[in-house]
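Structure file entry-v4.txt (compact mmCIF, C-alpha atoms) is printed below.
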# COMPACT_ATOMS: atom_id res chain seq x y z
CA MET A 9 119.74 124.43 49.93
CA LEU A 10 121.37 127.70 49.04
CA ALA A 11 125.08 126.99 48.59
CA LYS A 12 127.92 128.88 50.25
CA ARG A 13 129.83 130.74 47.55
CA ILE A 14 133.56 130.70 46.79
CA ILE A 15 134.71 133.87 45.05
CA PRO A 16 138.19 134.44 43.59
CA CYS A 17 139.11 138.12 43.39
CA LEU A 18 141.28 139.38 40.53
CA ASP A 19 143.16 142.66 40.66
CA VAL A 20 143.32 144.33 37.28
CA ARG A 21 145.63 147.15 36.24
CA GLU A 22 145.27 148.69 32.80
CA GLY A 23 143.33 145.67 31.62
CA ARG A 24 145.69 143.02 32.92
CA THR A 25 145.59 140.95 36.10
CA VAL A 26 148.29 141.83 38.55
CA LYS A 27 148.63 138.57 40.42
CA GLY A 28 147.90 135.65 38.19
CA VAL A 29 150.26 132.77 38.06
CA ASN A 30 150.58 129.15 37.21
CA PHE A 31 147.40 128.21 35.44
CA VAL A 32 148.53 125.36 33.28
CA ASN A 33 145.92 125.62 30.60
CA ILE A 34 146.03 129.29 29.82
CA ARG A 35 148.49 130.96 27.55
CA ASP A 36 148.59 134.28 29.30
CA ALA A 37 148.13 134.46 33.07
CA GLY A 38 147.88 138.23 32.85
CA ASP A 39 144.79 137.97 30.70
CA ALA A 40 141.89 138.63 33.05
CA VAL A 41 139.38 137.04 30.69
CA GLU A 42 141.37 133.81 30.44
CA LEU A 43 142.04 133.69 34.15
CA GLY A 44 138.37 134.32 34.96
CA ALA A 45 137.30 131.60 32.54
CA ALA A 46 139.77 129.18 34.15
CA TYR A 47 138.32 129.86 37.61
CA SER A 48 134.82 129.50 36.25
CA SER A 49 135.56 126.07 34.79
CA GLU A 50 137.17 125.03 38.10
CA GLY A 51 133.89 125.72 39.88
CA ALA A 52 134.17 129.30 41.18
CA ASP A 53 130.67 130.52 42.04
CA GLU A 54 131.26 134.17 41.19
CA LEU A 55 134.19 136.39 40.32
CA VAL A 56 135.26 139.84 41.45
CA PHE A 57 137.38 142.03 39.19
CA LEU A 58 138.94 144.98 40.97
CA ASP A 59 140.32 147.79 38.85
CA ILE A 60 143.43 149.17 40.54
CA THR A 61 144.38 151.43 37.64
CA ALA A 62 145.62 154.67 39.09
CA SER A 63 144.76 157.05 36.29
CA HIS A 64 141.20 157.96 35.46
CA GLU A 65 142.01 158.10 31.75
CA LYS A 66 142.94 154.46 31.56
CA ARG A 67 139.72 153.31 33.17
CA LYS A 68 138.14 153.04 29.75
CA THR A 69 140.32 149.98 29.29
CA PHE A 70 138.49 148.40 32.20
CA VAL A 71 135.07 148.90 30.60
CA GLU A 72 136.37 147.23 27.44
CA LEU A 73 137.68 144.37 29.55
CA VAL A 74 134.31 143.99 31.29
CA LYS A 75 132.67 143.58 27.87
CA LYS A 76 135.08 140.77 27.03
CA ILE A 77 134.52 139.07 30.38
CA ALA A 78 130.74 139.25 29.93
CA ARG A 79 130.96 137.66 26.51
CA ARG A 80 133.11 134.81 27.73
CA ILE A 81 132.07 133.93 31.29
CA SER A 82 128.83 132.19 32.26
CA ILE A 83 128.83 132.89 36.00
CA PRO A 84 128.01 136.18 37.75
CA PHE A 85 130.73 138.75 38.26
CA THR A 86 131.17 141.92 40.26
CA VAL A 87 133.41 144.81 39.31
CA GLY A 88 134.85 147.42 41.59
CA GLY A 89 137.56 149.98 42.05
CA GLY A 90 137.25 153.71 41.59
CA ILE A 91 133.49 153.79 41.07
CA ASN A 92 132.48 157.31 42.07
CA GLU A 93 129.55 158.32 39.94
CA LEU A 94 126.33 156.88 38.62
CA ARG A 95 127.69 157.04 35.10
CA ASP A 96 130.60 154.76 36.11
CA VAL A 97 128.01 152.27 37.33
CA ALA A 98 125.91 152.59 34.18
CA ALA A 99 128.95 152.06 31.94
CA LEU A 100 130.02 148.91 33.81
CA LEU A 101 126.54 147.40 33.95
CA THR A 102 125.94 148.15 30.29
CA ALA A 103 129.24 146.45 29.54
CA GLY A 104 127.78 143.34 31.17
CA ALA A 105 128.82 143.34 34.85
CA ASP A 106 126.21 141.83 37.15
CA LYS A 107 127.08 143.88 40.21
CA VAL A 108 129.28 146.78 41.20
CA SER A 109 131.26 147.06 44.38
CA VAL A 110 131.46 150.51 45.97
CA ASN A 111 133.69 151.38 48.88
CA SER A 112 135.24 154.82 49.55
CA ALA A 113 132.76 156.71 47.39
CA ALA A 114 129.88 155.32 49.47
CA LEU A 115 131.57 156.14 52.77
CA ARG A 116 132.21 159.70 51.58
CA ARG A 117 128.71 160.09 50.22
CA PRO A 118 126.33 157.40 51.54
CA ALA A 119 123.46 158.57 49.28
CA PHE A 120 125.46 157.08 46.39
CA ILE A 121 124.15 153.66 47.50
CA ASP A 122 120.54 154.89 47.35
CA GLU A 123 121.12 156.26 43.87
CA ILE A 124 122.56 153.03 42.49
CA ALA A 125 119.86 150.91 44.13
CA LYS A 126 117.08 153.18 42.89
CA ASN A 127 118.38 153.25 39.32
CA PHE A 128 119.56 149.68 38.90
CA GLY A 129 118.16 147.62 41.79
CA ASN A 130 119.47 146.52 45.18
CA GLN A 131 120.96 143.31 43.82
CA VAL A 132 123.46 145.38 41.82
CA VAL A 133 125.09 147.09 44.82
CA THR A 134 127.80 145.38 46.82
CA CYS A 135 128.99 147.66 49.59
CA ALA A 136 132.63 146.84 50.27
CA ILE A 137 133.92 147.78 53.71
CA ASP A 138 137.57 147.77 54.78
CA ALA A 139 137.73 147.85 58.56
CA LYS A 140 140.41 147.49 61.20
CA HIS A 141 139.94 146.35 64.77
CA GLU A 142 141.70 148.88 66.98
CA HIS A 143 141.10 150.34 70.44
CA GLY A 144 138.26 147.88 70.99
CA ARG A 145 136.23 148.80 67.91
CA TRP A 146 136.06 148.12 64.18
CA THR A 147 136.95 151.32 62.33
CA CYS A 148 136.04 151.74 58.64
CA TYR A 149 138.83 152.95 56.37
CA LEU A 150 138.89 154.87 53.10
CA ASN A 151 141.14 154.61 50.04
CA GLY A 152 142.16 150.98 50.29
CA GLY A 153 142.79 151.13 54.01
CA ARG A 154 144.84 154.31 54.07
CA ILE A 155 142.51 156.80 55.73
CA PRO A 156 140.56 156.03 58.93
CA THR A 157 137.02 157.38 59.35
CA ASP A 158 134.82 157.88 62.39
CA ARG A 159 132.43 155.16 61.21
CA ASP A 160 132.31 151.74 62.81
CA LEU A 161 131.72 148.54 60.89
CA LEU A 162 128.33 147.47 62.25
CA SER A 163 126.63 150.84 62.07
CA TRP A 164 127.94 151.56 58.57
CA ALA A 165 126.94 148.08 57.32
CA LYS A 166 123.44 148.57 58.72
CA GLU A 167 123.16 151.98 57.13
CA ALA A 168 124.38 150.59 53.79
CA GLU A 169 121.71 147.90 53.97
CA SER A 170 118.97 150.39 54.76
CA ARG A 171 120.10 152.55 51.85
CA GLY A 172 119.70 149.63 49.47
CA ALA A 173 122.94 147.63 49.35
CA GLY A 174 122.29 144.07 48.22
CA GLU A 175 125.38 142.57 49.85
CA ILE A 176 128.18 143.52 52.20
CA LEU A 177 131.78 142.60 51.35
CA PHE A 178 133.73 142.94 54.58
CA THR A 179 137.53 142.87 54.53
CA SER A 180 139.26 142.72 57.87
CA MET A 181 142.49 144.70 57.57
CA ASN A 182 143.84 142.87 60.62
CA HIS A 183 143.41 139.50 58.91
CA ASP A 184 144.10 140.43 55.28
CA GLY A 185 147.33 138.94 53.94
CA VAL A 186 148.14 137.17 57.21
CA LYS A 187 146.60 133.83 56.17
CA GLN A 188 145.61 132.96 59.74
CA GLY A 189 141.88 132.72 59.12
CA PHE A 190 138.98 135.13 58.61
CA ALA A 191 137.56 137.57 61.21
CA CYS A 192 134.89 135.06 62.23
CA ASP A 193 133.57 136.85 65.32
CA ALA A 194 132.97 140.14 63.53
CA LEU A 195 131.52 138.29 60.56
CA ALA A 196 129.08 136.33 62.72
CA GLN A 197 127.97 139.57 64.35
CA LEU A 198 127.50 141.22 60.94
CA SER A 199 125.57 138.27 59.60
CA ALA A 200 123.26 138.22 62.63
CA THR A 201 122.66 141.98 62.35
CA LEU A 202 121.99 142.17 58.61
CA GLY A 203 119.24 140.75 56.44
CA ILE A 204 121.43 140.77 53.31
CA PRO A 205 124.25 138.37 52.39
CA VAL A 206 127.74 138.88 53.81
CA ILE A 207 130.90 138.12 51.84
CA ALA A 208 133.98 137.47 53.97
CA SER A 209 137.35 138.69 52.80
CA GLY A 210 140.84 138.71 54.30
CA GLY A 211 142.65 135.92 56.05
CA ALA A 212 142.14 132.78 53.99
CA GLY A 213 145.16 130.51 54.42
CA SER A 214 143.75 127.00 54.48
CA MET A 215 140.68 124.93 53.74
CA GLN A 216 139.84 124.89 57.46
CA HIS A 217 139.63 128.67 57.39
CA PHE A 218 136.88 128.46 54.78
CA GLU A 219 135.00 125.90 56.84
CA GLU A 220 135.26 128.18 59.90
CA VAL A 221 134.11 131.27 58.03
CA PHE A 222 130.93 129.48 56.96
CA THR A 223 130.19 127.70 60.25
CA LYS A 224 131.54 130.05 62.94
CA GLY A 225 131.55 133.22 60.85
CA LYS A 226 128.08 132.57 59.32
CA ALA A 227 129.28 134.13 56.07
CA ASP A 228 127.29 133.56 52.89
CA ALA A 229 130.34 133.71 50.66
CA ALA A 230 134.10 133.81 51.03
CA LEU A 231 136.53 135.70 48.85
CA ALA A 232 140.22 135.08 48.36
CA ALA A 233 142.89 136.25 45.96
CA SER A 234 146.50 135.12 46.29
CA LEU A 235 145.61 131.73 47.76
CA PHE A 236 143.93 130.85 44.47
CA HIS A 237 146.23 132.81 42.18
CA PHE A 238 149.34 131.09 43.43
CA LYS A 239 147.66 127.69 43.36
CA GLU A 240 148.16 127.19 47.08
CA LEU A 241 144.59 126.01 47.07
CA GLU A 242 142.48 124.81 44.17
CA ILE A 243 138.74 125.32 44.10
CA PRO A 244 137.73 121.70 43.35
CA THR A 245 139.85 120.47 46.30
CA LEU A 246 138.39 123.15 48.56
CA LYS A 247 134.80 122.36 47.59
CA LYS A 248 135.31 118.64 48.07
CA TYR A 249 136.68 119.29 51.54
CA LEU A 250 133.85 121.67 52.47
CA ALA A 251 131.22 119.18 51.30
CA GLU A 252 132.85 116.47 53.45
CA GLN A 253 132.61 118.82 56.43
CA GLY A 254 128.90 119.26 55.81
CA VAL A 255 129.07 122.73 54.27
CA VAL A 256 126.63 123.08 51.35
CA VAL A 257 128.58 123.98 48.20
CA ARG A 258 127.90 123.73 44.50
CA ARG A 259 130.14 120.99 43.23
CA ASP A 260 131.22 120.24 39.75
CA VAL A 261 132.11 116.59 39.80
CA ALA A 262 133.89 116.85 36.46
CA ALA A 263 136.24 119.54 37.81
CA GLU A 264 137.05 117.46 40.89
CA SER A 265 138.08 114.34 39.02
CA MET B 10 116.95 129.69 13.26
CA SER B 11 116.14 133.19 14.47
CA VAL B 12 115.95 134.22 18.12
CA ALA B 13 114.45 137.51 19.26
CA ILE B 14 115.27 138.86 22.71
CA ILE B 15 112.67 141.40 23.70
CA LYS B 16 114.18 144.79 24.41
CA TYR B 17 112.38 146.69 27.14
CA ASN B 18 113.16 148.69 30.26
CA ALA B 19 114.66 145.80 32.24
CA GLY B 20 118.31 145.56 33.20
CA ASN B 21 120.85 142.98 32.19
CA VAL B 22 119.26 142.12 28.85
CA PHE B 23 122.68 141.84 27.21
CA SER B 24 123.73 138.87 29.30
CA VAL B 25 121.20 136.63 27.55
CA GLU B 26 122.48 137.83 24.18
CA ASN B 27 126.03 136.95 25.30
CA ALA B 28 124.92 133.52 26.52
CA MET B 29 123.26 132.83 23.16
CA LYS B 30 126.51 133.67 21.38
CA ARG B 31 128.43 131.35 23.69
CA ILE B 32 126.23 128.44 22.64
CA GLY B 33 126.63 129.41 18.99
CA GLN B 34 123.26 131.07 18.41
CA GLU B 35 122.88 134.58 17.03
CA ALA B 36 120.07 136.53 18.63
CA VAL B 37 118.62 139.96 18.00
CA LEU B 38 117.70 142.34 20.80
CA THR B 39 114.57 144.08 19.55
CA ASP B 40 111.27 145.78 20.36
CA ASP B 41 110.07 145.59 16.74
CA PRO B 42 106.76 143.65 16.75
CA ASP B 43 107.34 142.29 13.23
CA VAL B 44 110.77 140.92 14.10
CA ILE B 45 109.45 139.40 17.33
CA ARG B 46 106.45 137.81 15.60
CA ALA B 47 108.61 136.36 12.84
CA ALA B 48 111.26 134.88 15.16
CA ASP B 49 111.50 131.12 15.66
CA LYS B 50 112.14 131.62 19.37
CA VAL B 51 111.43 134.56 21.68
CA ILE B 52 113.10 135.35 25.00
CA ILE B 53 111.85 137.83 27.61
CA PRO B 54 114.93 138.47 29.75
CA GLY B 55 115.88 140.86 32.47
CA VAL B 56 116.16 142.04 35.99
CA GLY B 57 113.73 144.73 37.04
CA GLU B 58 110.70 145.94 38.94
CA ALA B 59 107.27 144.54 38.04
CA SER B 60 105.09 147.67 37.82
CA THR B 61 107.51 149.78 35.75
CA THR B 62 108.40 146.96 33.34
CA MET B 63 104.73 145.97 32.95
CA LYS B 64 103.79 149.60 32.29
CA PHE B 65 106.46 149.76 29.59
CA LEU B 66 105.19 146.57 27.92
CA ARG B 67 101.61 147.94 27.88
CA GLU B 68 102.60 151.35 26.55
CA HIS B 69 104.53 149.72 23.72
CA GLY B 70 101.84 147.19 22.89
CA LEU B 71 104.22 144.40 23.77
CA ASP B 72 101.78 142.89 26.31
CA ASN B 73 99.26 141.77 23.68
CA LEU B 74 102.04 140.82 21.33
CA ILE B 75 103.63 138.48 23.89
CA ARG B 76 100.29 136.89 24.76
CA SER B 77 99.63 136.21 21.08
CA LEU B 78 102.94 134.48 20.38
CA LYS B 79 102.74 130.92 19.09
CA GLN B 80 106.43 130.05 18.88
CA PRO B 81 108.41 128.75 21.89
CA THR B 82 108.82 131.72 24.24
CA LEU B 83 111.04 131.82 27.32
CA GLY B 84 110.73 134.28 30.20
CA ILE B 85 113.71 134.72 32.52
CA CYS B 86 113.57 136.14 36.08
CA ILE B 87 111.36 139.27 35.84
CA GLY B 88 110.26 137.74 32.51
CA LEU B 89 108.74 134.81 34.43
CA GLN B 90 107.08 137.13 36.92
CA LEU B 91 105.57 139.30 34.17
CA MET B 92 104.12 136.19 32.52
CA CYS B 93 102.17 135.39 35.72
CA ALA B 94 98.73 136.75 36.57
CA TYR B 95 99.68 139.16 39.31
CA SER B 96 102.69 140.46 41.21
CA GLU B 97 102.71 141.85 44.71
CA GLU B 98 105.60 144.06 43.60
CA GLY B 99 103.96 147.41 42.91
CA ASP B 100 100.52 145.69 43.10
CA THR B 101 100.80 144.82 39.42
CA GLU B 102 98.43 143.03 37.11
CA CYS B 103 100.72 141.07 34.78
CA LEU B 104 100.34 139.24 31.46
CA GLY B 105 98.28 136.36 32.84
CA ILE B 106 99.83 133.65 30.68
CA PHE B 107 100.29 131.60 33.83
CA ASP B 108 97.64 132.00 36.52
CA GLU B 109 100.22 131.73 39.31
CA HIS B 110 100.76 134.73 41.59
CA VAL B 111 104.06 136.40 42.43
CA ILE B 112 104.69 137.33 46.05
CA ARG B 113 107.57 138.58 48.18
CA PHE B 114 109.71 136.31 50.34
CA LYS B 115 108.85 136.87 53.98
CA SER B 116 111.35 135.58 56.49
CA ILE B 117 113.37 136.69 59.47
CA GLU B 118 115.97 133.95 59.40
CA HIS B 119 116.49 133.87 55.61
CA LYS B 120 118.36 136.60 53.81
CA ILE B 121 116.51 138.46 51.10
CA PRO B 122 117.17 138.73 48.17
CA HIS B 123 117.56 135.02 47.58
CA MET B 124 120.99 135.36 46.00
CA GLY B 125 123.37 132.67 44.87
CA TRP B 126 123.34 129.06 43.76
CA ASN B 127 120.49 126.78 44.71
CA THR B 128 119.20 123.43 43.44
CA ILE B 129 116.18 122.80 41.26
CA ARG B 130 114.00 119.72 41.38
CA VAL B 131 112.58 119.26 37.90
CA LYS B 132 109.60 117.50 36.36
CA ASP B 133 109.93 115.72 33.06
CA SER B 134 110.29 118.49 30.46
CA PRO B 135 112.31 118.86 27.27
CA LEU B 136 113.70 122.04 28.84
CA PHE B 137 115.58 119.95 31.41
CA ALA B 138 116.82 117.14 29.16
CA GLY B 139 120.30 115.83 29.93
CA LEU B 140 120.71 117.50 33.33
CA GLU B 141 122.09 115.76 36.38
CA LYS B 142 119.78 115.26 39.35
CA ASP B 143 119.03 118.42 41.35
CA PRO B 144 121.49 120.70 39.55
CA TYR B 145 122.57 124.09 40.89
CA VAL B 146 121.43 127.28 39.17
CA TYR B 147 122.02 130.97 39.93
CA TYR B 148 119.29 133.08 41.53
CA VAL B 149 118.87 136.77 42.37
CA HIS B 150 115.34 137.72 43.36
CA SER B 151 113.11 138.90 46.21
CA TYR B 152 109.76 137.89 44.66
CA TYR B 153 108.71 134.43 43.53
CA ALA B 154 105.87 132.64 41.76
CA GLN B 155 103.86 130.36 44.03
CA LEU B 156 103.53 126.70 43.21
CA GLY B 157 100.72 125.97 40.75
CA ALA B 158 99.45 123.80 37.95
CA HIS B 159 102.13 125.12 35.57
CA THR B 160 105.12 124.53 37.86
CA ILE B 161 107.68 122.28 36.16
CA ALA B 162 110.57 122.83 38.58
CA THR B 163 110.81 123.85 42.22
CA THR B 164 113.42 125.31 44.52
CA ASP B 165 113.21 125.45 48.28
CA TYR B 166 114.02 128.81 49.87
CA VAL B 167 111.90 129.93 52.81
CA GLN B 168 109.39 127.54 51.24
CA PRO B 169 109.15 125.71 47.90
CA PHE B 170 108.42 128.03 44.95
CA SER B 171 108.18 127.80 41.16
CA ALA B 172 111.68 127.66 39.70
CA ALA B 173 110.13 127.11 36.26
CA LEU B 174 106.70 127.29 34.65
CA HIS B 175 105.32 125.88 31.42
CA LYS B 176 102.06 126.23 29.52
CA ASP B 177 101.63 125.48 25.81
CA ASN B 178 104.44 127.32 23.97
CA PHE B 179 105.36 129.44 27.00
CA TYR B 180 108.27 128.54 29.28
CA ALA B 181 109.70 130.56 32.14
CA LEU B 182 112.62 130.35 34.56
CA GLN B 183 113.02 132.26 37.83
CA PHE B 184 116.77 131.64 37.89
CA HIS B 185 119.31 132.96 35.40
CA PRO B 186 120.36 130.28 32.90
CA GLU B 187 122.69 132.84 31.31
CA LYS B 188 124.63 132.97 34.61
CA SER B 189 124.32 129.30 35.59
CA ALA B 190 127.47 127.93 33.97
CA LEU B 191 127.12 124.65 32.07
CA VAL B 192 123.72 123.78 33.56
CA GLY B 193 122.31 127.05 32.28
CA GLU B 194 123.84 126.58 28.85
CA GLN B 195 122.27 123.13 28.65
CA ILE B 196 118.84 124.55 29.49
CA LEU B 197 119.19 127.30 26.86
CA LYS B 198 120.30 124.75 24.27
CA ASN B 199 117.29 122.60 25.20
CA PHE B 200 114.99 125.58 24.73
CA LEU B 201 116.37 126.18 21.25
CA ARG B 202 115.53 122.56 20.36
CA ILE B 203 111.86 122.93 21.28
CA PHE B 204 109.49 123.34 18.32
What is this structure when it is put down as structure tokens?
Amino acid sequence: MLAKRIIPCLDVREGRTVKGVNFVNIRDAGDAVELGAAYSSEGADELVFLDITASHEKRKTFVELVKKIARRISIPFTVGGGINELRDVAALLTAGADKVSVNSAALRRPAFIDEIAKNFGNQVVTCAIDAKHEHGRWTCYLNGGRIPTDRDLLSWAKEAESRGAGEILFTSMNHDGVKQGFACDALAQLSATLGIPVIASGGAGSMQHFEEVFTKGKADAALAASLFHFKELEIPTLKKYLAEQGVVVRRDVAAES
Amino acid sequence: MSVAIIKYNAGNVFSVENAMKRIGQEAVLTDDPDVIRAADKVIIPGVGEASTTMKFLREHGLDNLIRSLKQPTLGICIGLQLMCAYSEEGDTECLGIFDEHVIRFKSIEHKIPHMGWNTIRVKDSPLFAGLEKDPYVYYVHSYYAQLGAHTIATTDYVQPFSAALHKDNFYALQFHPEKSALVGEQILKNFLRIF
């Protein structure tokens, strides 16, 4: 059976992780490569590295970092943040990333998804969508949730799929950071509408929330950041729990013992 | 020992090179026929589309070269599909090392591509030495090789398909050992031990 995926997300600024605390076995918690490797050995199924560097100039640091990650880590990883042009995609894939996550650039210019898919394959494109439930509908937002658009979640996700996105990464702005669970109803609707995998993001606060997002929310994968970074929840414990609840997960018995 | 990774117009060829380094094996990414012929092991890696990659192999004479190889040779993902007889993707006649056919997943209830970690059920093969029962490996694909005489591992998605094929010196994996954590590293190490 295809396993449900657990994906830690690491924010990176100028080559260093922003939130990364408390890993006992690594010397430098700000080192994205070390942190990624630690998650990988704990049983993470994939990793997402999000570049939150403000200046365009310093983005070259990120490409160098991606090369280091690719050399070190033996699980798939996605990179995102500030990807606006095909040459950004080419540079990151050449550096060894498995997938790229596009968000605002795709909303502003949807054909960007077609271009990436046509040049590098559908499996490379993760379309990230930040949406907020307000006035009875899910509105898509630009620029990390700062600028609302006139697009709604379902129609944009469907369009992204038809343009060649390989996955949808949906972050509910209402649930993000609140730790009260994922947006399971919207996720279930997305999953039923789309023929591509859906990654749930925003709201993870407990192991039960992960169980719900896979059973009620029908998500294919769940992403979390601070919950893992601050060691509030460890991946081996989470996977053991999910397996006991009947959720199919890839388990690494060595990591659980 | 020398390992040649065939360089052609498929994506993600570097990840196999990186994986080789992680297990302590230098490998050279090359399209030079002499280097490929002289290597102790050959790997055909990549993610790509069947008709355009097959066209590239033909135009560069790599199709006959691959067929003529006598050393242990491993195809990965599109590498496996190109080693089959035929692919539905782009209606492509492939290398014909394995006579299995490659077809597209057809399903309403299953998501396509088949993406993520799934289990393999393996037959007795040196390629799978030392693995735990039904280990998880990482997949990303929309086309698969049907079950056949050369199937040495299966995965069930929509229906059972060939996770791995073997004939003489030719081995092939539909999943990505270079992205399959310790299980994948074990399989790559096993491949390097085959003579």
As a PyMOL selection string, please: the residues near Ser116 in chain B (cut-off 12 Å, only C-alpha atoms, same-chain neighbours under 2 positions excluded). (chain A and resi 203-204) or (chain B and resi 113-114+118-123+151+166-168)
**Request:** Output the contact residues of chain A with respect to chain B at a cut-off of 10 Å, based on all atoms listed in the file, as a PyMOL selection string.
**Result:** chain A and resi 9-13+48-49+51-54+75-76+78-85+101-106+127-132+174-175+199-200+202-206+228-229+256-260
Quiz item: Separation of CA of Gly90 in chain A and CA of Pro156 in chain A, in Å?
Solution: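 Interatomic distance, CA of Gly90 in chain A to CA of Pro156 in chain A: 17.8 Å.
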For Gly254 in chain A, please output as a list in words all residues within 10 Å (counting all atoms listed in the file; exclusion window: fewer than 4 positions along the same chain). Glu219, Thr223, Tyr249 and Leu250 of chain A
As a check of understanding: the span from CA of Gly139 in chain B to CA of Leu182 in chain B is 17.1 Å
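Distance-wise, CA of Leu161 in chain A and CA of Ile137 in chain A end up 7.5 Å apart.
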Shortest contact to Ala196 in chain A, candidates A:Asn182, A:Leu246, A:Lys226, A:Ala173, atoms counted all atoms listed in the file, goes to A:Lys226
- Task: Could you tell me which of A:Ser112, A:Ile60, A:Ile243, A:Asp184 comes closest to Arg159 in chain A if we count all atoms listed in the file?
- Result: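 Going through A:Ser112, A:Ile60, A:Ile243, A:Asp184 one by one, the smallest distance to Arg159 in chain A is for A:Ser112.
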* To do: Considering all atoms listed in the file, return as a PyMOL selection string whatever protein or nucleic-acid residues lie within 9 Å of range 207-218 of chain A, sequence-local ones (same chain, fewer than 2 positions apart) excluded.
  => chain A and resi 13-15+175-192+195+205+220-223+225+227-233+235+240-241+245-247+249-250
Close residues, Trp146 in chain A itself excluded, 7 Å, all atoms listed in the file, min 3 positions apart in chain, as a PDB file with C-alpha atoms, in the frame of the given file:
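Ended up saving to around-v5.pdb:
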ATOM      1  CA  ALA A 139     137.730 147.850  58.560  1.00  0.00           C
ATOM      2  CA  LYS A 140     140.410 147.490  61.200  1.00  0.00           C
ATOM      3  CA  HIS A 141     139.940 146.350  64.770  1.00  0.00           C
ATOM      4  CA  GLU A 142     141.700 148.880  66.980  1.00  0.00           C
ATOM      5  CA  ASP A 160     132.310 151.740  62.810  1.00  0.00           C
ATOM      6  CA  LEU A 161     131.720 148.540  60.890  1.00  0.00           C
TER       7      LEU A 161
END
Residues around (129.7, 157.7, 53.9), cut-off 10 Å, counting all atoms listed in the file - what are they as a ChimeraX atom specification? /A:111-121,148,150,157-159,164,167-168
When you look at range 90-102 of chain B with a cut-off of 6 Å (counting only C-alpha atoms), what residues show up, excluding the ones that are within fewer than 4 positions of it in the same chain? I need them as a short mmCIF file (atom, residue, chain, number, x, y, z; two decimals) with C-alpha atoms, in the coordinates of the input.
data_model
loop_
_atom_site.label_atom_id
_atom_site.label_comp_id
_atom_site.auth_asym_id
_atom_site.auth_seq_id
_atom_site.Cartn_x
_atom_site.Cartn_y
_atom_site.Cartn_z
CA ALA B 59 107.27 144.54 38.04
CA SER B 60 105.09 147.67 37.82
CA ILE B 106 99.83 133.65 30.68
CA PHE B 107 100.29 131.60 33.83
CA ASP B 108 97.64 132.00 36.52
CA GLU B 109 100.22 131.73 39.31
CA HIS B 110 100.76 134.73 41.59
CA VAL B 111 104.06 136.40 42.43
CA ILE B 112 104.69 137.33 46.05
#
Using the structure just given, write a file holding N, CA and C atoms for range 112-123 of chain B, as a compact mmCIF listing (two decimals), in the first residue's frame.
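Listing of decode_13.txt after writing:
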# COMPACT_ATOMS: atom_id res chain seq x y z
N ILE B 112 2.96 0.37 -19.84
CA ILE B 112 1.67 1.02 -20.11
C ILE B 112 1.34 2.03 -19.01
N ARG B 113 0.32 2.85 -19.27
CA ARG B 113 -0.02 3.91 -18.33
C ARG B 113 -1.01 3.40 -17.28
N PHE B 114 -0.86 3.88 -16.06
CA PHE B 114 -1.85 3.57 -15.02
C PHE B 114 -3.19 4.13 -15.47
N LYS B 115 -4.24 3.31 -15.33
CA LYS B 115 -5.58 3.81 -15.62
C LYS B 115 -6.44 3.56 -14.40
N SER B 116 -6.89 4.65 -13.78
CA SER B 116 -7.70 4.50 -12.58
C SER B 116 -8.43 5.79 -12.28
N ILE B 117 -9.62 5.65 -11.75
CA ILE B 117 -10.35 6.84 -11.30
C ILE B 117 -10.08 7.08 -9.82
N GLU B 118 -10.04 5.99 -9.06
CA GLU B 118 -9.92 6.19 -7.61
C GLU B 118 -8.46 6.35 -7.15
N HIS B 119 -7.49 5.94 -7.97
CA HIS B 119 -6.09 6.11 -7.58
C HIS B 119 -5.53 7.37 -8.19
N LYS B 120 -4.67 8.05 -7.42
CA LYS B 120 -4.03 9.25 -7.95
C LYS B 120 -2.84 8.87 -8.84
N ILE B 121 -2.69 9.63 -9.90
CA ILE B 121 -1.62 9.39 -10.85
C ILE B 121 -0.91 10.71 -11.10
N PRO B 122 0.40 10.83 -10.97
CA PRO B 122 1.37 9.74 -10.83
C PRO B 122 1.31 8.98 -9.50
N HIS B 123 1.79 7.76 -9.56
CA HIS B 123 2.02 6.96 -8.36
C HIS B 123 3.24 7.60 -7.71
